[in-house]
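Read through the structure below, which is laid out as structure tokens, and then see the notes.
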Number of protein chains: 2
Amino acid sequence: MRGTMLYGPRDIRFEDREAPTIIEPTDAVIRMAATCVCGSDLWPYRGLQPINGPTPMGHEYCGIVEEVGSAVKSVKPGQFVVGSFATSDNTCPYCQGGYQSSCMHREWISRAQAPVLRVSLADGTLVATPDVPSDDLVPSLLAASDVFGTGWFAADAANVKPGSTVAVVGDGAVGLCAVLAARQMGAERIIAMSRHESRRKLAHEFGATDIVIERGEEGVARIKELTGGIGADSVLECVGTQESMMQAIRSTRPGGYVSYVGVPHGVELNGEELFFAHIHLHGGPAPVRRFLPTLITLVWEGKVNPGKVFDLTLPLNQVAEGYRAMDERRAIKTLLRP
Amino acid sequence: MRGTMLYGPRDIRFEDREAPTIIEPTDAVIRMAATCVCGSDLWPYRGLQPINGPTPMGHEYCGIVEEVGSAVKSVKPGQFVVGSFATSDNTCPYCQGGYQSSCMHREWISRAQAPVLRVSLADGTLVATPDVPSDDLVPSLLAASDVFGTGWFAADAANVKPGSTVAVVGDGAVGLCAVLAARQMGAERIIAMSRHESRRKLAHEFGATDIVIERGEEGVARIKELTGGIGADSVLECVGTQESMMQAIRSTRPGGYVSYVGVPHGVELNGEELFFAHIHLHGGPAPVRRFLPTLITLVWEGKVNPGKVFDLTLPLNQVAEGYRAMDERRAIKTLLRP
């Protein structure tokens with residue numbers, strides 16, 4: 001079998017490695033229907049996040065269960081499953097509180113850009129779909145594995161409710177899915193911050209009511225202007241830089257909510273500014289497992305189509321080109337078919 | 001009339017100034033029943049927060065309305081009132097959202113360590129008690145003006161609920177009131193972090209079930225130990241330093257809540273650590289006005305006695321000694337009687 005490895009900045013190789021097998025009795029092995037490249041993969045790809053030698057890549061996946069360990073009870077071979085980028089036992093106190101991505105036994109999935117994947121803690125990590133899906137549903141089910149689940153968490157963590165005024169910072173796949181999630185949760189007004197034509201179009205399609213192309217302090221001023229000087233009720237930060245974080249915090253009304261769902265890179269928050277901003281702040285790695293049953297149902301019933309964030313589909317063996325296209329912003333997100 | 005002025009580090013003077021009068025039709029003038037020294041007054045007193053020349057001091061107050069402006073409708077001369085350290089119109093969008101301390105027309109009260117005080121936006125700031133209180137209720141009503149209201153906000157902002165496991169960082173008057181508030185909100189377990197005998201005693205009296213004397217990383221380890229390795233559901237940060245903030249964040253379970261209610265001094269939060277801590281963070285100047293009706297009722301019905309945080313009572317003209325006693329930690333909090 002061949003799988004995706006990052007050797008250094010912009011050095012992606014699709015190379016031979018042993019096919020995964022059951023190791024623990026709680027494992028499952030999945031034959032991938034599709035996998036993809038994540039915005040977060042671009043940090044190490046661009047050399048902005050150090051790696052310790054050659055690193056297996058990929059953490060988004062869905063497909064058919066091939067084999068399960070002897071202790072696995074909730075999924076079985078032949079079922080189509082979607083899982084989170086973080087494994088979880090779904091029974092520890094953190095999981096029970098809905099924070100499966102901080103499970104006490106969490107492992108990060110990291111070998112998913114490959115045709116076959118071993119998933120540990122299968123019972124607590126994987127969710128089976130009602131049936132084997134038709135091929136057109138696969139992109140949206142794959143999106144639920146991370147990007148849609150993360151966008152959903154962004155809206156949930158920022159307390160989006162029916163009637164809310166929402167702003168979304170970031171027009172990557174997560175930001176676009178956050179727009180979609182906010183719409184599903186009944187937001188009345190959704191301001192997407194984007195300066196890219198194709199992304200603006202998708203933001204509108206997903207439910208954005210307004211587009212702001214300005215960034216930084218100008219972006220903040222525009223949000224204030226659009227909200228009658230008040231600020232947004234909920235601001236969903238889907239980038240992870242100092243600028244995007246401050247833009248989010250300063251666009252929010254006192255008493256409002258800021259969520260942040262991309263790993264912050266080099267972000268430092270000044271306590272005093274945060275204090276007088278008077279906002280609620282919540283974020284972290286999205287507990288996708290909490291939302292998966294809901295997200296799968298929404299996709300299955302055709303109510304949402306988050307798979308539209310994939311504007312490039314390639315055979316898995318062209319994964320290096322998939323990274324390049326996203327790095328150069330020729331693609332929002334690349335889907336890979338084994 | 002004489003009022004309290006800070007001239008520089010540890011230089012408090014009680015000196016002549018003109019008695020306040022009605023300026024705006026929305027003002028009220030109050031004859032103080034009692035005022036006090038706030039923990040936050042110690043920052044400039046100690047020279048840790050710069051002042052621009054001689055600065056009038058005091059922002060906690062209760063007393064009898066002497067006069068109101070022509071537009072004031074909700075309070076009248078002869079009534080006993082309690083107000084917040086931040087004035088509010090109680091009608092703007094921020095006030096309506098419960099964030100009166102970020103009112104669009106907010107002013108900070110700053111001349112309350114005096115026998116008479118002008119309060120602007122009287123209708124939206126002051127709350128009258130059911131009757132003129134007996135003298136023994138005055139300390140607890142005064143506490144509602146800031147320290148009890150702030151402790152209450154700490155518990156509210158950290159989502160304290162019946163059955164919660166709560167930790168309180170800081171054993172000043174606000175921290176102690178936060179213990180009291182958490183108890184009122186039904187917390188099952190309240191861990192107070194304190195190393196001072198007299199404060200520990202009051203913490204127990206206010207409802208603390210456990211005391212942790214360790215600080216910093218050792219304090220975090222102790223909280224983890226006391227919570228079976230899980231961390232607290234809610235941690236109430238009532239100090240405002242880098243150490244206390246990190247202690248709070250690291251003592252909280254993923255998915256848990258951290259509140260912070262003292263102005264942070266020199267605090268910088270690392271985005272990545274905050275992200276993986278997976279906590280909710282909320283704080284700011286306490287919107288005391290939101291809670292005043294509840295707090296006054298609790299005091300009036302004898303259900304709480306937050307006035308116990310005042311362990312030193314002095315005549316107002318000895319205000320300088322009141323500051324000294326708190327600075328040297330001989331007193332938790334000084335009540336001043338005009």
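We label chains A, B, ... in the order they appear in the structure tokens, count residues from 1 in each chain, and number ligands from 1 in the order shown.
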Return the neighbours of chain B among the residues of chain A, cut-off 8 Å, counting only C-alpha atoms, as number ranges by chain.
A: 93-94, 97-99, 102, 230, 253-255, 260-261, 263-272, 274-285
Resulting file, chosen residues, N, CA and C atoms, as a tab-separated table (two decimals), in the first residue's frame:
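File again-v1.tsv, as written:
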```
chain	number	residue	atom	x	y	z
A	93	PRO	N	-14.96	10.99	31.49
A	93	PRO	CA	-15.70	12.20	31.91
A	93	PRO	C	-15.66	13.33	30.87
A	94	TYR	N	-14.56	13.48	30.16
A	94	TYR	CA	-14.50	14.55	29.17
A	94	TYR	C	-15.42	14.24	27.98
A	97	GLY	N	-18.94	14.76	28.88
A	97	GLY	CA	-19.26	16.19	28.88
A	97	GLY	C	-19.34	16.77	27.47
A	98	GLY	N	-19.12	15.94	26.45
A	98	GLY	CA	-19.24	16.41	25.07
A	98	GLY	C	-17.93	16.90	24.48
A	99	TYR	N	-16.83	16.61	25.16
A	99	TYR	CA	-15.53	17.07	24.66
A	99	TYR	C	-14.65	15.89	24.25
A	102	SER	N	-10.98	15.89	23.55
A	102	SER	CA	-10.04	15.91	24.67
A	102	SER	C	-10.18	14.63	25.49
A	230	ILE	N	-23.16	48.22	17.08
A	230	ILE	CA	-23.28	47.32	18.23
A	230	ILE	C	-22.23	46.22	18.24
A	253	ARG	N	-19.97	42.17	20.17
A	253	ARG	CA	-20.57	43.06	21.16
A	253	ARG	C	-20.18	42.63	22.57
A	254	PRO	N	-20.13	43.56	23.52
A	254	PRO	CA	-19.93	43.15	24.91
A	254	PRO	C	-21.04	42.16	25.30
A	255	GLY	N	-20.64	41.09	25.94
A	255	GLY	CA	-21.60	40.04	26.27
A	255	GLY	C	-21.75	39.01	25.16
A	260	TYR	N	-13.16	29.99	18.44
A	260	TYR	CA	-11.97	29.85	17.59
A	260	TYR	C	-11.67	28.37	17.46
A	261	VAL	N	-11.52	27.93	16.22
A	261	VAL	CA	-11.49	26.49	15.98
A	261	VAL	C	-10.28	26.03	15.17
A	263	VAL	N	-6.11	25.80	15.12
A	263	VAL	CA	-5.00	25.90	16.09
A	263	VAL	C	-4.36	27.28	15.95
A	264	PRO	N	-4.32	28.07	17.03
A	264	PRO	CA	-3.71	29.40	16.95
A	264	PRO	C	-2.19	29.27	16.75
A	265	HIS	N	-1.70	30.03	15.82
A	265	HIS	CA	-0.26	30.03	15.56
A	265	HIS	C	0.29	31.40	15.92
A	266	GLY	N	1.09	31.44	16.99
A	266	GLY	CA	1.72	32.70	17.42
A	266	GLY	C	0.74	33.71	17.97
A	267	VAL	N	-0.38	33.24	18.51
A	267	VAL	CA	-1.40	34.18	19.03
A	267	VAL	C	-1.16	34.42	20.52
A	268	GLU	N	-1.15	35.69	20.90
A	268	GLU	CA	-1.08	36.07	22.32
A	268	GLU	C	-2.22	37.05	22.58
A	269	LEU	N	-3.01	36.76	23.60
A	269	LEU	CA	-4.14	37.63	23.91
A	269	LEU	C	-3.83	38.44	25.15
A	270	ASN	N	-4.02	39.75	25.02
A	270	ASN	CA	-3.78	40.64	26.16
A	270	ASN	C	-4.97	40.57	27.12
A	271	GLY	N	-4.67	40.23	28.38
A	271	GLY	CA	-5.73	40.02	29.37
A	271	GLY	C	-6.61	41.23	29.56
A	272	GLU	N	-6.01	42.40	29.60
A	272	GLU	CA	-6.79	43.61	29.87
A	272	GLU	C	-7.74	43.93	28.71
A	274	LEU	N	-8.98	41.77	26.60
A	274	LEU	CA	-10.00	40.72	26.63
A	274	LEU	C	-11.05	41.04	27.69
A	275	PHE	N	-10.58	41.52	28.85
A	275	PHE	CA	-11.44	41.84	29.99
A	275	PHE	C	-12.46	42.91	29.59
A	276	PHE	N	-11.98	43.99	29.02
A	276	PHE	CA	-12.90	45.09	28.69
A	276	PHE	C	-13.72	44.81	27.43
A	277	ALA	N	-13.27	43.85	26.62
A	277	ALA	CA	-14.08	43.43	25.47
A	277	ALA	C	-15.36	42.76	25.95
A	278	HIS	N	-15.27	42.16	27.14
A	278	HIS	CA	-16.46	41.62	27.81
A	278	HIS	C	-17.10	40.46	27.05
A	279	ILE	N	-16.28	39.73	26.32
A	279	ILE	CA	-16.81	38.65	25.48
A	279	ILE	C	-16.68	37.29	26.15
A	280	HIS	N	-17.43	36.34	25.64
A	280	HIS	CA	-17.24	34.93	25.95
A	280	HIS	C	-16.28	34.38	24.89
A	281	LEU	N	-15.32	33.58	25.33
A	281	LEU	CA	-14.36	33.00	24.40
A	281	LEU	C	-14.33	31.49	24.60
A	282	HIS	N	-14.52	30.78	23.53
A	282	HIS	CA	-14.45	29.31	23.64
A	282	HIS	C	-13.97	28.73	22.32
A	283	GLY	N	-13.13	27.72	22.43
A	283	GLY	CA	-12.66	27.06	21.23
A	283	GLY	C	-11.82	25.87	21.59
A	284	GLY	N	-11.11	25.40	20.60
A	284	GLY	CA	-10.28	24.22	20.78
A	284	GLY	C	-10.54	23.25	19.65
A	285	PRO	N	-9.90	22.08	19.72
A	285	PRO	CA	-10.14	21.07	18.68
A	285	PRO	C	-11.61	20.65	18.73
```
List every residue of region 37-98 of chain A that DSSP, applied to the backbone of this structure, assigns to alpha helix (DSSP H), and report them as a PyMOL selection string.
chain A and resi 42-45+93-96
Would you save the residues from that selection as a compact mmCIF listing (two decimals), in the first residue's frame, using C-alpha atoms?
```
# COMPACT_ATOMS: atom_id res chain seq x y z
CA LEU A 42 -0.74 23.48 5.22
CA TRP A 43 0.99 24.76 8.38
CA PRO A 44 3.67 22.01 8.36
CA TYR A 45 3.54 21.82 4.54
CA PRO A 93 -15.70 12.20 31.91
CA TYR A 94 -14.50 14.55 29.17
CA CYS A 95 -16.32 12.57 26.47
CA GLN A 96 -19.45 12.42 28.60
```
Result of fitting chain B to chain A over every paired C-alpha, as a short mmCIF file (atom, residue, chain, number, x, y, z; two decimals) with C-alpha atoms, in the first residue's frame:
```cif
data_model
loop_
_atom_site.label_atom_id
_atom_site.label_comp_id
_atom_site.auth_asym_id
_atom_site.auth_seq_id
_atom_site.Cartn_x
_atom_site.Cartn_y
_atom_site.Cartn_z
CA MET B 1 0.00 -0.01 -0.03
CA ARG B 2 1.07 3.56 -0.55
CA GLY B 3 0.42 6.45 1.86
CA THR B 4 1.14 10.16 2.12
CA MET B 5 4.25 11.44 3.90
CA LEU B 6 5.54 14.96 4.46
CA TYR B 7 9.35 15.07 4.31
CA GLY B 8 9.81 18.81 4.68
CA PRO B 9 8.44 22.11 3.40
CA ARG B 10 6.42 21.43 0.24
CA ASP B 11 7.86 17.91 -0.01
CA ILE B 12 4.90 15.53 -0.10
CA ARG B 13 5.56 11.92 -1.14
CA PHE B 14 3.12 9.11 -1.78
CA GLU B 15 5.16 6.12 -0.86
CA ASP B 16 5.07 2.48 0.10
CA ARG B 17 4.30 1.52 3.64
CA GLU B 18 2.75 -1.50 5.28
CA ALA B 19 -1.01 -1.71 5.16
CA PRO B 20 -2.49 -1.22 8.64
CA THR B 21 -3.98 -4.12 10.54
CA ILE B 22 -5.83 -4.61 13.80
CA ILE B 23 -3.43 -4.13 16.74
CA GLU B 24 -5.72 -3.57 19.72
CA PRO B 25 -9.04 -5.38 20.20
CA THR B 26 -10.72 -1.95 20.14
CA ASP B 27 -9.39 -1.11 16.64
CA ALA B 28 -11.13 -1.03 13.29
CA VAL B 29 -9.58 -1.02 9.84
CA ILE B 30 -11.34 1.02 7.19
CA ARG B 31 -11.07 1.02 3.40
CA MET B 32 -11.27 4.67 2.50
CA ALA B 33 -14.07 5.92 0.25
CA ALA B 34 -12.39 9.32 0.21
CA THR B 35 -9.92 11.40 2.16
CA CYS B 36 -8.72 14.97 1.75
CA VAL B 37 -6.21 17.70 2.54
CA CYS B 38 -6.94 19.92 5.56
CA GLY B 39 -6.15 23.62 5.91
CA SER B 40 -4.23 22.62 9.04
CA ASP B 41 -2.02 20.33 6.90
CA LEU B 42 -0.73 23.48 5.21
CA TRP B 43 0.98 24.76 8.39
CA PRO B 44 3.66 22.01 8.36
CA TYR B 45 3.55 21.83 4.53
CA ARG B 46 4.57 25.48 4.42
CA GLY B 47 7.24 24.92 7.04
CA LEU B 48 5.37 27.13 9.54
CA GLN B 49 5.06 24.25 11.99
CA PRO B 50 8.09 22.05 12.60
CA ILE B 51 8.01 18.31 11.98
CA ASN B 52 10.24 15.64 13.48
CA GLY B 53 11.37 13.86 10.35
CA PRO B 54 9.11 12.27 7.74
CA THR B 55 5.51 12.51 8.97
CA PRO B 56 2.46 10.52 7.83
CA MET B 57 -0.37 12.85 6.85
CA GLY B 58 -4.16 12.93 6.79
CA HIS B 59 -6.85 12.91 9.46
CA GLU B 60 -10.14 13.10 7.54
CA TYR B 61 -11.79 9.89 6.46
CA CYS B 62 -14.88 7.86 5.71
CA GLY B 63 -15.32 4.47 4.18
CA ILE B 64 -16.21 0.81 4.61
CA VAL B 65 -15.18 -1.14 7.69
CA GLU B 66 -12.98 -4.04 6.61
CA GLU B 67 -12.18 -5.60 9.93
CA VAL B 68 -12.73 -4.93 13.62
CA GLY B 69 -10.99 -6.04 16.78
CA SER B 70 -12.61 -8.54 19.11
CA ALA B 71 -13.87 -5.88 21.53
CA VAL B 72 -15.61 -3.69 18.97
CA LYS B 73 -19.39 -3.74 19.30
CA SER B 74 -20.91 -0.72 17.60
CA VAL B 75 -19.59 -1.09 14.04
CA LYS B 76 -18.99 -4.13 11.87
CA PRO B 77 -17.38 -5.04 8.57
CA GLY B 78 -19.31 -3.85 5.54
CA GLN B 79 -20.71 -0.75 7.26
CA PHE B 80 -19.92 2.71 5.97
CA VAL B 81 -18.52 4.87 8.76
CA VAL B 82 -17.38 8.41 9.44
CA GLY B 83 -14.97 9.22 12.27
CA SER B 84 -13.35 12.20 13.87
CA PHE B 85 -9.73 13.30 13.49
CA ALA B 86 -9.42 12.62 17.24
CA THR B 87 -10.20 9.18 18.57
CA SER B 88 -12.29 8.92 21.72
CA ASP B 89 -13.59 6.22 24.03
CA ASN B 90 -16.81 8.25 24.37
CA THR B 91 -17.12 7.11 27.98
CA CYS B 92 -14.56 9.09 30.01
CA PRO B 93 -15.73 12.20 31.91
CA TYR B 94 -14.51 14.55 29.17
CA CYS B 95 -16.32 12.57 26.48
CA GLN B 96 -19.45 12.42 28.61
CA GLY B 97 -19.27 16.19 28.87
CA GLY B 98 -19.24 16.41 25.07
CA TYR B 99 -15.52 17.06 24.66
CA GLN B 100 -14.51 13.86 22.90
CA SER B 101 -11.58 15.59 21.20
CA SER B 102 -10.06 15.91 24.69
CA CYS B 103 -10.84 12.29 25.56
CA MET B 104 -8.53 10.95 28.26
CA HIS B 105 -7.49 8.24 25.79
CA ARG B 106 -7.41 10.40 22.69
CA GLU B 107 -5.10 9.72 19.79
CA TRP B 108 -4.74 12.03 16.81
CA ILE B 109 -5.44 10.32 13.49
CA SER B 110 -2.46 10.91 11.23
CA ARG B 111 -2.36 8.37 8.42
CA ALA B 112 -5.64 8.99 6.63
CA GLN B 113 -4.26 10.10 3.25
CA ALA B 114 -3.97 6.45 2.31
CA PRO B 115 -6.34 3.78 0.97
CA VAL B 116 -6.63 1.93 4.28
CA LEU B 117 -6.65 3.30 7.84
CA ARG B 118 -6.53 1.82 11.31
CA VAL B 119 -8.77 3.66 13.78
CA SER B 120 -8.30 2.98 17.47
CA LEU B 121 -11.16 3.18 19.98
CA ALA B 122 -13.50 2.34 17.11
CA ASP B 123 -16.64 2.09 19.27
CA GLY B 124 -16.25 5.59 20.61
CA THR B 125 -14.89 7.19 17.46
CA LEU B 126 -16.80 5.89 14.44
CA VAL B 127 -20.41 6.47 13.50
CA ALA B 128 -22.07 4.28 10.88
CA THR B 129 -24.34 5.78 8.24
CA PRO B 130 -27.85 4.30 7.78
CA ASP B 131 -26.66 2.40 4.70
CA VAL B 132 -23.78 2.44 2.22
CA PRO B 133 -24.21 5.92 0.68
CA SER B 134 -24.50 6.73 -2.99
CA ASP B 135 -21.32 8.18 -4.37
CA ASP B 136 -22.63 11.75 -4.49
CA LEU B 137 -23.04 11.79 -0.70
CA VAL B 138 -19.43 10.80 -0.04
CA PRO B 139 -17.91 14.32 -0.18
CA SER B 140 -20.39 15.68 2.37
CA LEU B 141 -19.94 12.66 4.66
CA LEU B 142 -16.20 13.12 4.42
CA ALA B 143 -16.65 16.81 5.29
CA ALA B 144 -18.43 15.76 8.50
CA SER B 145 -15.20 14.05 9.60
CA ASP B 146 -13.52 17.40 10.24
CA VAL B 147 -14.27 20.51 8.26
CA PHE B 148 -18.06 20.49 8.66
CA GLY B 149 -17.79 19.21 12.23
CA THR B 150 -15.33 21.98 13.00
CA GLY B 151 -17.50 24.66 11.39
CA TRP B 152 -20.43 23.29 13.37
CA PHE B 153 -18.45 23.52 16.60
CA ALA B 154 -17.52 27.11 15.69
CA ALA B 155 -21.21 28.01 15.55
CA ASP B 156 -22.10 25.96 18.63
CA ALA B 157 -19.22 27.34 20.71
CA ALA B 158 -20.19 30.89 19.74
CA ASN B 159 -23.74 30.31 20.96
CA VAL B 160 -25.39 30.86 17.56
CA LYS B 161 -29.16 30.85 18.03
CA PRO B 162 -32.26 31.62 16.02
CA GLY B 163 -32.15 35.33 15.25
CA SER B 164 -28.41 35.77 15.96
CA THR B 165 -26.21 38.20 14.10
CA VAL B 166 -23.09 36.23 13.22
CA ALA B 167 -19.76 37.13 11.65
CA VAL B 168 -17.36 34.52 10.30
CA VAL B 169 -13.66 35.35 10.07
CA GLY B 170 -11.95 33.16 7.50
CA ASP B 171 -13.19 31.96 4.11
CA GLY B 172 -11.42 28.61 4.05
CA ALA B 173 -13.41 25.40 4.04
CA VAL B 174 -13.97 25.60 7.82
CA GLY B 175 -15.18 29.21 7.63
CA LEU B 176 -17.56 28.29 4.83
CA CYS B 177 -18.87 25.32 6.79
CA ALA B 178 -19.27 27.65 9.80
CA VAL B 179 -21.55 29.80 7.64
CA LEU B 180 -23.56 26.70 6.76
CA ALA B 181 -23.78 25.68 10.42
CA ALA B 182 -24.87 29.15 11.53
CA ARG B 183 -27.63 29.06 8.92
CA GLN B 184 -28.78 25.64 10.15
CA MET B 185 -28.88 26.99 13.71
CA GLY B 186 -31.19 29.78 12.62
CA ALA B 187 -28.92 32.82 12.51
CA GLU B 188 -30.77 35.75 11.01
CA ARG B 189 -27.77 37.56 9.67
CA ILE B 190 -24.47 35.95 8.66
CA ILE B 191 -21.62 38.21 7.68
CA ALA B 192 -18.84 36.33 5.89
CA MET B 193 -15.44 37.98 5.70
CA SER B 194 -13.94 37.08 2.35
CA ARG B 195 -12.13 38.71 -0.52
CA HIS B 196 -12.12 35.78 -2.93
CA GLU B 197 -14.80 35.65 -5.62
CA SER B 198 -15.34 31.86 -5.65
CA ARG B 199 -15.40 31.65 -1.85
CA ARG B 200 -17.84 34.54 -1.59
CA LYS B 201 -20.12 32.73 -3.99
CA LEU B 202 -20.09 29.57 -1.89
CA ALA B 203 -20.55 31.61 1.29
CA HIS B 204 -23.74 33.07 -0.19
CA GLU B 205 -24.89 29.63 -1.24
CA PHE B 206 -24.26 28.33 2.28
CA GLY B 207 -26.33 31.14 3.80
CA ALA B 208 -24.24 34.30 4.18
CA THR B 209 -26.40 37.42 4.04
CA ASP B 210 -23.52 39.92 3.87
CA ILE B 211 -19.94 39.88 2.70
CA VAL B 212 -17.17 42.02 4.15
CA ILE B 213 -13.97 42.20 2.13
CA GLU B 214 -12.04 44.43 4.53
CA ARG B 215 -9.68 42.89 7.08
CA GLY B 216 -8.12 43.89 10.40
CA GLU B 217 -9.29 47.19 11.89
CA GLU B 218 -11.14 48.08 8.68
CA GLY B 219 -12.97 44.78 8.85
CA VAL B 220 -13.91 45.49 12.47
CA ALA B 221 -15.21 48.94 11.51
CA ARG B 222 -17.30 47.41 8.72
CA ILE B 223 -18.88 44.85 11.07
CA LYS B 224 -19.69 47.62 13.53
CA GLU B 225 -21.21 49.65 10.73
CA LEU B 226 -23.31 46.71 9.51
CA THR B 227 -24.61 46.07 13.02
CA GLY B 228 -25.63 49.63 13.85
CA GLY B 229 -22.55 50.28 15.95
CA ILE B 230 -23.28 47.32 18.23
CA GLY B 231 -21.06 44.49 17.00
CA ALA B 232 -22.03 40.91 16.21
CA ASP B 233 -23.62 38.58 18.76
CA SER B 234 -21.35 35.72 17.69
CA VAL B 235 -18.06 35.80 15.84
CA LEU B 236 -16.58 32.56 14.54
CA GLU B 237 -12.81 32.72 14.13
CA CYS B 238 -11.73 30.12 11.58
CA VAL B 239 -8.14 31.06 10.79
CA GLY B 240 -5.83 30.97 13.80
CA THR B 241 -3.64 34.05 13.42
CA GLN B 242 -3.17 37.03 15.71
CA GLU B 243 -4.88 39.30 13.20
CA SER B 244 -7.92 37.08 12.72
CA MET B 245 -8.30 36.55 16.46
CA MET B 246 -8.18 40.26 17.25
CA GLN B 247 -10.53 40.95 14.37
CA ALA B 248 -12.98 38.46 15.87
CA ILE B 249 -12.72 39.80 19.43
CA ARG B 250 -13.10 43.43 18.37
CA SER B 251 -16.09 42.69 16.11
CA THR B 252 -18.12 41.20 18.96
CA ARG B 253 -20.57 43.07 21.16
CA PRO B 254 -19.95 43.14 24.92
CA GLY B 255 -21.61 40.03 26.27
CA GLY B 256 -21.24 38.36 22.86
CA TYR B 257 -19.42 35.16 21.94
CA VAL B 258 -16.20 34.43 20.08
CA SER B 259 -15.29 30.91 19.04
CA TYR B 260 -11.95 29.84 17.60
CA VAL B 261 -11.48 26.48 15.98
CA GLY B 262 -8.18 26.59 14.13
CA VAL B 263 -5.00 25.90 16.10
CA PRO B 264 -3.70 29.40 16.96
CA HIS B 265 -0.26 30.04 15.57
CA GLY B 266 1.71 32.70 17.42
CA VAL B 267 -1.40 34.16 19.04
CA GLU B 268 -1.08 36.06 22.33
CA LEU B 269 -4.15 37.61 23.92
CA ASN B 270 -3.80 40.62 26.17
CA GLY B 271 -5.74 40.00 29.37
CA GLU B 272 -6.80 43.59 29.88
CA GLU B 273 -8.16 44.02 26.35
CA LEU B 274 -10.02 40.72 26.63
CA PHE B 275 -11.45 41.83 30.00
CA PHE B 276 -12.90 45.08 28.71
CA ALA B 277 -14.09 43.43 25.47
CA HIS B 278 -16.47 41.61 27.83
CA ILE B 279 -16.83 38.64 25.49
CA HIS B 280 -17.23 34.92 25.95
CA LEU B 281 -14.36 33.00 24.41
CA HIS B 282 -14.45 29.30 23.64
CA GLY B 283 -12.66 27.05 21.23
CA GLY B 284 -10.28 24.21 20.77
CA PRO B 285 -10.14 21.06 18.69
CA ALA B 286 -13.73 20.46 17.59
CA PRO B 287 -15.41 17.59 19.43
CA VAL B 288 -16.67 16.28 16.11
CA ARG B 289 -17.85 13.02 17.64
CA ARG B 290 -20.48 14.93 19.61
CA PHE B 291 -21.98 16.30 16.42
CA LEU B 292 -21.50 13.36 14.01
CA PRO B 293 -24.95 11.78 14.40
CA THR B 294 -26.61 15.15 13.71
CA LEU B 295 -24.32 15.98 10.81
CA ILE B 296 -24.73 12.57 9.17
CA THR B 297 -28.52 12.91 9.40
CA LEU B 298 -28.45 16.39 7.84
CA VAL B 299 -26.33 15.10 4.96
CA TRP B 300 -28.30 11.88 4.58
CA GLU B 301 -31.59 13.78 4.36
CA GLY B 302 -30.13 16.15 1.78
CA LYS B 303 -30.56 19.22 3.98
CA VAL B 304 -26.98 20.34 3.63
CA ASN B 305 -24.23 19.82 1.15
CA PRO B 306 -20.96 20.74 2.88
CA GLY B 307 -19.11 18.62 0.31
CA LYS B 308 -19.27 21.65 -1.97
CA VAL B 309 -16.14 22.93 -0.26
CA PHE B 310 -14.27 20.35 -2.31
CA ASP B 311 -13.64 22.22 -5.54
CA LEU B 312 -10.87 19.89 -6.65
CA THR B 313 -10.99 16.10 -6.79
CA LEU B 314 -7.86 14.09 -7.54
CA PRO B 315 -6.80 10.46 -7.44
CA LEU B 316 -5.05 9.81 -4.15
CA ASN B 317 -1.73 9.19 -5.90
CA GLN B 318 -1.78 12.86 -7.00
CA VAL B 319 -1.93 14.02 -3.38
CA ALA B 320 1.14 16.25 -3.85
CA GLU B 321 -0.74 18.28 -6.47
CA GLY B 322 -3.69 18.42 -4.06
CA TYR B 323 -1.48 20.16 -1.49
CA ARG B 324 0.01 22.50 -4.11
CA ALA B 325 -3.42 23.61 -5.35
CA MET B 326 -4.49 24.53 -1.81
CA ASP B 327 -1.17 26.15 -0.95
CA GLU B 328 -1.46 28.37 -4.04
CA ARG B 329 -5.14 28.98 -3.26
CA ARG B 330 -6.18 27.48 -6.58
CA ALA B 331 -8.44 25.16 -4.60
CA ILE B 332 -10.48 25.68 -1.42
CA LYS B 333 -10.12 22.02 -0.50
CA THR B 334 -8.90 18.91 -2.30
CA LEU B 335 -10.76 15.61 -2.15
CA LEU B 336 -8.68 12.50 -2.78
CA ARG B 337 -10.09 9.26 -4.17
CA PRO B 338 -8.07 6.08 -3.57
#
```
Quick one: DSSP strand (DSSP E or B) residues in region 89-191 of chain B, as a PyMOL selection string?
chain B and resi 108+116-119+126-128+165-169+189-191
For the residues selected in the previous step, produce a file with C-alpha atoms as a CSV table (one decimal), in the first residue's frame.
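Done, and the output landed in part-v8.csv:
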```
chain,number,residue,atom,x,y,z
B,108,TRP,CA,-17.0,54.9,36.1
B,116,VAL,CA,-22.0,62.6,49.4
B,117,LEU,CA,-21.9,61.3,45.8
B,118,ARG,CA,-23.4,62.3,42.5
B,119,VAL,CA,-24.5,59.3,40.4
B,126,LEU,CA,-29.5,52.7,41.3
B,127,VAL,CA,-31.8,50.1,42.9
B,128,ALA,CA,-33.8,51.1,45.9
B,165,THR,CA,-17.4,21.3,41.3
B,166,VAL,CA,-16.0,24.8,41.7
B,167,ALA,CA,-12.5,26.2,42.5
B,168,VAL,CA,-12.0,29.8,43.5
B,169,VAL,CA,-8.5,31.4,42.9
B,189,ARG,CA,-18.1,21.2,46.0
B,190,ILE,CA,-16.3,24.5,46.4
B,191,ILE,CA,-12.5,24.5,46.6
```
